[in-house]
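Since the structure comes first, as structure tokens, the remarks are kept for the end.
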Protein chains: 4
Amino acid sequence: MHKHIEWKKVLIPYEHAVEELKVKFKSIRKELTKLGEYSPIEFVTGRVKKISSILEKAKKLDINMEEFEEKIEDIAGIRIMCQFVEDIYTVVDYIRERDGLDLEIHSEKDYITNYKESGYRSYHVIIWYPIQTAMGPKRILVEIQIRTLAMNFWGTIEHSLKYKYKHNIPEHINDRLIKAADAAFQLDQEMSEIRHEIRQAQKMFEVKSNT
Amino acid sequence: MHKHIEWKKVLIPYEHAVEELKVKFKSIRKELTKLGEYSPIEFVTGRVKKISSILEKAKKLDINMEEFEEKIEDIAGIRIMCQFVEDIYTVVDYIRERDGLDLEIHSEKDYITNYKESGYRSYHVIIWYPIQTAMGPKRILVEIQIRTLAMNFWGTIEHSLKYKYKHNIPEHINDRLIKAADAAFQLDQEMSEIRHEIRQAQKMFEVKSNT
Amino acid sequence: MHKHIEWKKVLIPYEHAVEELKVKFKSIRKELTKLGEYSPIEFVTGRVKKISSILEKAKKLDINMEEFEEKIEDIAGIRIMCQFVEDIYTVVDYIRERDGLDLEIHSEKDYITNYKESGYRSYHVIIWYPIQTAMGPKRILVEIQIRTLAMNFWGTIEHSLKYKYKHNIPEHINDRLIKAADAAFQLDQEMSEIRHEIRQAQKMFEVKSNT
Amino acid sequence: MHKHIEWKKVLIPYEHAVEELKVKFKSIRKELTKLGEYSPIEFVTGRVKKISSILEKAKKLDINMEEFEEKIEDIAGIRIMCQFVEDIYTVVDYIRERDGLDLEIHSEKDYITNYKESGYRSYHVIIWYPIQTAMGPKRILVEIQIRTLAMNFWGTIEHSLKYKYKHNIPEHINDRLIKAADAAFQLDQEMSEIRHEIRQAQKMFEVKSNT
């Protein structure tokens with residue numbers, strides 16, 4: 001019980017960070033849409049890792065409780081969905097431009113160019129984010145995942161399967177998953193080929209909606 | 001100006017209907033998730049057609065202003081997104097079960113089995129929905145579109161291109177769009193093949209998240 | 001544990017009813033504001049009674065578990081806040097007009113004219129509300145409380161004190177509470193005297209905000 | 001038209017600032033409630049001044065368009081509502097503690113101790129707030145008004161009357177307004193006298209709601 005209350009305290013700044021960063025990335029979309037520009041951000045979600053998952057990860061990676069806040073990078077997670085693969089890099093640039101201002105970049109992982117064997121594709125930027133709590137200021141790690149809608153659809157499903165099979169997905173399901181990842185990749189490719197047409201069409205559409 | 005105010009009045013019940021129906025379909029998801037059941041509804045959106053689009057459609061279909069409320073079926077629109085093609089039919093069944101209770105079915109269009117030449121896939125149910133306004137009770141038409149995430153991704157993009165090219169999309173873009181529709185379809189197929197595994201995995205996941 | 005799951009099932013339709021009714025009453029405000037009319041509804045809140053409070057009330061009133069859904073009238077609660085005492089009766093009229101349409105009136109309690117000894121003022125309308133769940137249609141009781149902002153401020157505070165002292169508030173605190181109720185009443189009186197001026201001013205303000 | 005688009009651009013960072021600050025102050029409430037502590041913040045609202053009101057104020061104060069962003073302090077406005085007069089000063093302290101961290105204090109105005117002749121009571125803190133936009137970083141002024149629920153109720157109504165009468169409220173209405181301000185003040189006084197009881201009662205209540 002005492003332990004439980006402590007966890008609640010520990011996770012509060014992570015919850016605030018997720019709330020603030022969701023607002024900040026959503027604001028970029030709002031701003032561009034208002035200006036009649038194309039937005040590389042389609043939508044934004046966020047979550048704080050469940051206590052049970054933090055404990056599991058700490059155990060697996062042999063991290064002790066004194067250092068978990070500096071070693072587990074995804075306690076606070078932000079996910080940014082884009083329409084096109086190219087948009088992902090535009091969003092990464094936005095984040096890099098803020099480095100040293102309201103956030104600090106810790107590291108980057110490009111699972112788009114170097115996608116995982118499982119078929120997983122996403123771009124990760126891990127940042128240090130300063131937060132003001134009722135108990136004073138604090139700096140915490142946040143993982144930002146940037147991906148297309150198709151990558152996200154696939155990723156969500158792979159995640160639940162990995163969870164179900166405790167990371168040992170049976171081969172026949174795994175084969176299907178890889179085929180699905182290929183189809184998702186194909187969809188992204190075809191869309192990319194006509195993205196200039198689509199972007200222009202959507203800008204026209206947004207402008208109209210605003211008048 | 002006077003005309004403008006009249007439109008505002010006319011559209012108010014449509015806005016209410018969209019709000020109420022969004023709440024109602026989202027409640028189904030919440031309920032099932034709470035009970036530890038798989039939800040065929042992934043997320044729900046809604047919109048009221050823009051005045052300019054209503055006028056355009058009325059002109060194109062040669063509908064006069066006295067009858068447009070009975071002839072234009074999609075002034076109020078609800079869109080329900082599913083993970084799997086099979087879920088679409090479960091959602092259609094939910095709606096049919098409410099026929100005569102809080103809504104009345106006007107007609108159905110199955111663009112899944114009979115997909116359009118363009119590659120468009122979706123299931124449409126058009127309903128009569130009763131609404132209470134400050135000016136008294138009223139019955140209006142609402143179009144409910146039910147589709148997978150992949151169909152929705154494709155549909156949104158086709159819609160903006162059709163808008164840009166005023167329904168005359170150039171052939172080379174059209175070819176790409178059809179290829180993208182195929183990839184989307186392929187993705188849905190692969191996912192369907194392993195849907196029993198996925199559904200079970202997600203149920204486990206939801207139950208855990210609730211405890 | 002089993003018991004717990006059953007409660008969750010039982011309360012689901014109450015949660016839906018609260019969501020739907022909040023949307024419906026907020027829509028009235030939106031509609032009137034859009035039309036440039038004064039809205040007697042300032043804001044709307046809702047809640048489902050906590051399980052522990054339901055059990056407590058059932059015990060106190062000697063209600064057994066087979067009949068609690070018909071005997072406890074406030075499992076689902078909606079609260080509508082008004083600016084002026086007079087607005088309360090306008091809202092009551094709105095509800096009466098819907099009797100037999102999307103709801104059915106069960107009973108009314110006028111704690112404005114007949115305020116409680118404690119200083120409590122509010123108008124209660126108890127309704128039967130039909131709801132569609134994944135388990136089929138159902139009819140449940142909902143208590144709608146209608147009050148001014150000042151009555152609400154006072155009521156919220158009295159509620160937490162009654163909770164703290166288990167309904168035995170010490171006399172010196174009770175005296176202060178009654179004085180506060182008088183001041184709240186005085187505030188409502190003064191505001192009522194100039195309500196025609198205020199309403200007209202606010203209508204002008206709303207119209208401007210919409211252009 | 002061109003002018004209009006420019007205003008939209010100018011106001012975007014103000015809209016972002018309002019969104020971010022609303023999230024930040026609401027987080028304080030969430031945090032304290034979660035920890036089982038009493039929250040001096042009851043609720044938070046925010047708005048960006050309408051263009052017409054900015055122009056009016058600029059004209060009245062003889063501010064030219066080059067300097068209005070530094071001279072008009074309330075283009076972005078945050079309003080924090082408290083239960084008790086004493087809570088106002090706790091909130092002011094929170095803001096002062098953040099001075100030099102995520103905001104910078106520009107000035108303060110204590111209209112609680114020195115209330116205006118009209119009866120207006122509120123505490124104003126004007127801050128410089130840094131904001132990241134798609135067009136780069138920027139620092140803008142934000143006015144934070146802190147007040148009790150009763151002060152807010154009165155203030156909202158006075159505001160609409162001043163608007164209606166263009167700052168020349170007729171004397172008989174003004175007399176009533178001052179009487180209402182007295183009743184609001186009286187209500188705040190009575191509540192303050194029993195605030196220790198109330199705070200403790202509400203803490204108990206919150207803790208229970210969280211378990």
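Ligands are numbered from 1 in the order shown, residues from 1 within each chain, and chains are lettered A, B, ... in the order they appear in the structure tokens.
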
So that each row is one residue of chain C with an atom at most 8 Å from chain B, can you give its shortest atom pair and the distance in Å to one decimal, using only C-alpha atoms, rows by chain and rising number, as JSON lines?
{"residue": "C:Ile5", "atom": "CA", "partner": "B:Leu35", "partner_atom": "CA", "distance": 7.9}
{"residue": "C:Lys8", "atom": "CA", "partner": "B:Lys34", "partner_atom": "CA", "distance": 7.7}
{"residue": "C:Lys9", "atom": "CA", "partner": "B:Leu35", "partner_atom": "CA", "distance": 7.1}
{"residue": "C:Ile12", "atom": "CA", "partner": "B:Glu31", "partner_atom": "CA", "distance": 6.5}
{"residue": "C:His16", "atom": "CA", "partner": "B:Ser27", "partner_atom": "CA", "distance": 6.3}
{"residue": "C:Glu19", "atom": "CA", "partner": "B:Val23", "partner_atom": "CA", "distance": 7.0}
{"residue": "C:Glu20", "atom": "CA", "partner": "B:Glu20", "partner_atom": "CA", "distance": 6.5}
{"residue": "C:Val23", "atom": "CA", "partner": "B:Glu20", "partner_atom": "CA", "distance": 6.5}
{"residue": "C:Lys24", "atom": "CA", "partner": "B:Glu20", "partner_atom": "CA", "distance": 7.3}
{"residue": "C:Ser27", "atom": "CA", "partner": "B:His16", "partner_atom": "CA", "distance": 6.3}
{"residue": "C:Ile28", "atom": "CA", "partner": "B:Ala134", "partner_atom": "CA", "distance": 6.5}
{"residue": "C:Glu31", "atom": "CA", "partner": "B:Ile12", "partner_atom": "CA", "distance": 6.5}
{"residue": "C:Leu32", "atom": "CA", "partner": "B:Ala134", "partner_atom": "CA", "distance": 7.7}
{"residue": "C:Lys34", "atom": "CA", "partner": "B:Lys8", "partner_atom": "CA", "distance": 7.7}
{"residue": "C:Leu35", "atom": "CA", "partner": "B:Lys9", "partner_atom": "CA", "distance": 7.2}
{"residue": "C:Tyr94", "atom": "CA", "partner": "B:Ala134", "partner_atom": "CA", "distance": 7.9}
{"residue": "C:Arg98", "atom": "CA", "partner": "B:Gln132", "partner_atom": "CA", "distance": 7.6}
{"residue": "C:Asp102", "atom": "CA", "partner": "B:Gln132", "partner_atom": "CA", "distance": 7.8}
{"residue": "C:Gln132", "atom": "CA", "partner": "B:Arg98", "partner_atom": "CA", "distance": 7.6}
{"residue": "C:Thr133", "atom": "CA", "partner": "B:Ile28", "partner_atom": "CA", "distance": 7.0}
{"residue": "C:Ala134", "atom": "CA", "partner": "B:Ile28", "partner_atom": "CA", "distance": 6.4}

**Q.** Selection near range 149-151 of chain A, 12 Å with only C-alpha atoms, sequence-local residues under 2 positions removed, as JSON, numbers by chain
**A.** {"A": [40, 41, 42, 43, 44, 79, 80, 81, 82, 83, 84, 85, 87, 88, 111, 112, 115, 119, 120, 121, 122, 123, 145, 146, 147, 153, 154, 155, 156, 157, 158, 159, 180, 181, 182, 183, 184, 185, 186, 187, 188, 189, 190, 191], "B": [148, 149, 150, 151, 152, 153, 154, 180, 183, 184, 187, 188]}

Q) Taking only C-alpha atoms into account, which of D:Tyr163, D:His106, D:Glu117, D:His172 comes nearest Glu56 in chain D? A) D:Tyr163

Q | Contacts of Lys164 in chain B at 7 Å (only C-alpha atoms; same-chain gap of 3+ positions) as a list in words | A | Ala201 of chain A; Ser160 and Leu161 of chain B

Would you save the residues from that selection as a PDB file, in the first residue's frame, using N, CA and C atoms?
ATOM      1  N   ALA A 201      -4.065  18.736 -52.636  1.00  0.00           N
ATOM      2  CA  ALA A 201      -5.516  18.575 -52.549  1.00  0.00           C
ATOM      3  C   ALA A 201      -5.997  18.832 -51.123  1.00  0.00           C
TER       4      ALA A 201
ATOM      5  N   SER B 160     -10.135  13.698 -50.859  1.00  0.00           N
ATOM      6  CA  SER B 160      -9.496  14.999 -51.077  1.00  0.00           C
ATOM      7  C   SER B 160      -9.040  15.144 -52.535  1.00  0.00           C
ATOM      8  N   LEU B 161      -8.641  14.027 -53.156  1.00  0.00           N
ATOM      9  CA  LEU B 161      -8.236  14.102 -54.570  1.00  0.00           C
ATOM     10  C   LEU B 161      -9.444  14.367 -55.464  1.00  0.00           C
TER      11      LEU B 161
END

Q: Using only C-alpha atoms, determine which residues lie at most 8 Å from Val125 in chain B, disregarding the query and same-chain residues fewer than 5 positions distant; provide the list as a ChimeraX atom specification.
A: /B:92,105-109,143-145

Mind listing the strand (DSSP E) residues of range 10-98 of chain A, per DSSP on the backbone, as a CSV table (one decimal) with all heavy atoms, in the first residue's frame?
chain,number,residue,atom,x,y,z
A,43,PHE,N,-2.4,12.9,-36.3
A,43,PHE,CA,-2.9,13.0,-34.9
A,43,PHE,C,-1.8,12.5,-33.9
A,43,PHE,O,-0.8,12.0,-34.3
A,43,PHE,CB,-4.2,12.3,-34.7
A,43,PHE,CG,-4.2,10.8,-34.9
A,43,PHE,CD1,-4.1,10.0,-33.8
A,43,PHE,CD2,-4.3,10.3,-36.1
A,43,PHE,CE1,-4.1,8.6,-33.9
A,43,PHE,CE2,-4.4,8.9,-36.3
A,43,PHE,CZ,-4.2,8.1,-35.2
A,44,VAL,N,-2.1,12.8,-32.6
A,44,VAL,CA,-1.1,12.6,-31.6
A,44,VAL,C,-1.8,11.9,-30.4
A,44,VAL,O,-2.9,12.2,-30.0
A,44,VAL,CB,-0.6,14.0,-31.0
A,44,VAL,CG1,0.4,13.8,-29.9
A,44,VAL,CG2,-0.1,14.9,-32.2
A,45,THR,N,-1.1,10.9,-29.9
A,45,THR,CA,-1.6,10.2,-28.7
A,45,THR,C,-0.5,10.1,-27.6
A,45,THR,O,0.7,10.4,-28.0
A,45,THR,CB,-2.1,8.8,-28.9
A,45,THR,OG1,-1.0,8.0,-29.4
A,45,THR,CG2,-3.2,8.7,-30.0
A,46,GLY,N,-0.8,9.8,-26.4
A,46,GLY,CA,0.2,9.7,-25.4
A,46,GLY,C,-0.3,8.8,-24.3
A,46,GLY,O,-1.5,8.5,-24.1
A,47,ARG,N,0.7,8.2,-23.5
A,47,ARG,CA,0.3,7.3,-22.4
A,47,ARG,C,1.5,7.3,-21.4
A,47,ARG,O,2.7,7.5,-21.8
A,47,ARG,CB,0.0,6.0,-22.9
A,47,ARG,CG,1.1,5.2,-23.5
A,47,ARG,CD,1.7,4.2,-22.5
A,47,ARG,NE,2.9,3.5,-23.0
A,47,ARG,CZ,4.1,4.0,-22.9
A,47,ARG,NH1,4.3,5.2,-22.3
A,47,ARG,NH2,5.2,3.4,-23.3
A,48,VAL,N,1.2,6.9,-20.2
A,48,VAL,CA,2.2,6.6,-19.2
A,48,VAL,C,2.3,5.1,-19.0
A,48,VAL,O,1.2,4.5,-19.0
A,48,VAL,CB,2.0,7.3,-17.8
A,48,VAL,CG1,3.0,6.9,-16.8
A,48,VAL,CG2,2.1,8.8,-18.0
A,76,ALA,N,7.2,7.7,-20.1
A,76,ALA,CA,6.3,8.6,-20.7
A,76,ALA,C,6.4,8.5,-22.2
A,76,ALA,O,7.6,8.5,-22.7
A,76,ALA,CB,6.6,10.1,-20.3
A,77,GLY,N,5.3,8.2,-22.9
A,77,GLY,CA,5.4,8.0,-24.4
A,77,GLY,C,4.5,8.9,-25.1
A,77,GLY,O,3.3,9.0,-24.8
A,78,ILE,N,5.0,9.5,-26.2
A,78,ILE,CA,4.1,10.3,-27.1
A,78,ILE,C,4.2,9.6,-28.5
A,78,ILE,O,5.3,9.1,-28.9
A,78,ILE,CB,4.7,11.7,-27.2
A,78,ILE,CG1,4.5,12.5,-25.9
A,78,ILE,CG2,4.0,12.5,-28.4
A,78,ILE,CD1,3.1,12.8,-25.6
A,79,ARG,N,3.1,9.5,-29.2
A,79,ARG,CA,3.1,8.9,-30.5
A,79,ARG,C,2.5,9.9,-31.5
A,79,ARG,O,1.4,10.4,-31.3
A,79,ARG,CB,2.2,7.6,-30.5
A,79,ARG,CG,2.5,6.7,-31.6
A,79,ARG,CD,1.9,5.3,-31.4
A,79,ARG,NE,2.6,4.5,-30.5
A,79,ARG,CZ,2.2,3.3,-30.0
A,79,ARG,NH1,0.9,3.0,-30.2
A,79,ARG,NH2,2.9,2.6,-29.2
A,80,ILE,N,3.2,10.1,-32.6
A,80,ILE,CA,2.8,11.1,-33.6
A,80,ILE,C,2.5,10.3,-34.9
A,80,ILE,O,3.4,9.7,-35.4
A,80,ILE,CB,3.8,12.2,-33.8
A,80,ILE,CG1,4.1,13.0,-32.5
A,80,ILE,CG2,3.4,13.1,-34.9
A,80,ILE,CD1,5.1,14.0,-32.5
A,81,MET,N,1.3,10.4,-35.4
A,81,MET,CA,1.0,9.7,-36.6
A,81,MET,C,1.0,10.7,-37.8
A,81,MET,O,0.5,11.8,-37.8
A,81,MET,CB,-0.4,9.1,-36.5
A,81,MET,CG,-0.4,7.6,-36.2
A,81,MET,SD,0.5,7.3,-34.6
A,81,MET,CE,-0.8,7.9,-33.4
A,82,CYS,N,1.6,10.2,-39.0
A,82,CYS,CA,1.8,11.0,-40.2
A,82,CYS,C,1.1,10.3,-41.3
A,82,CYS,O,0.9,9.0,-41.3
A,82,CYS,CB,3.2,11.1,-40.5
A,82,CYS,SG,4.3,11.7,-39.2

Q | Å distance separating CA of Ile63 in chain D from CA of Pro170 in chain D, one decimal place | A |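 Rounded to one decimal, the two atoms are 29.0 Å apart.
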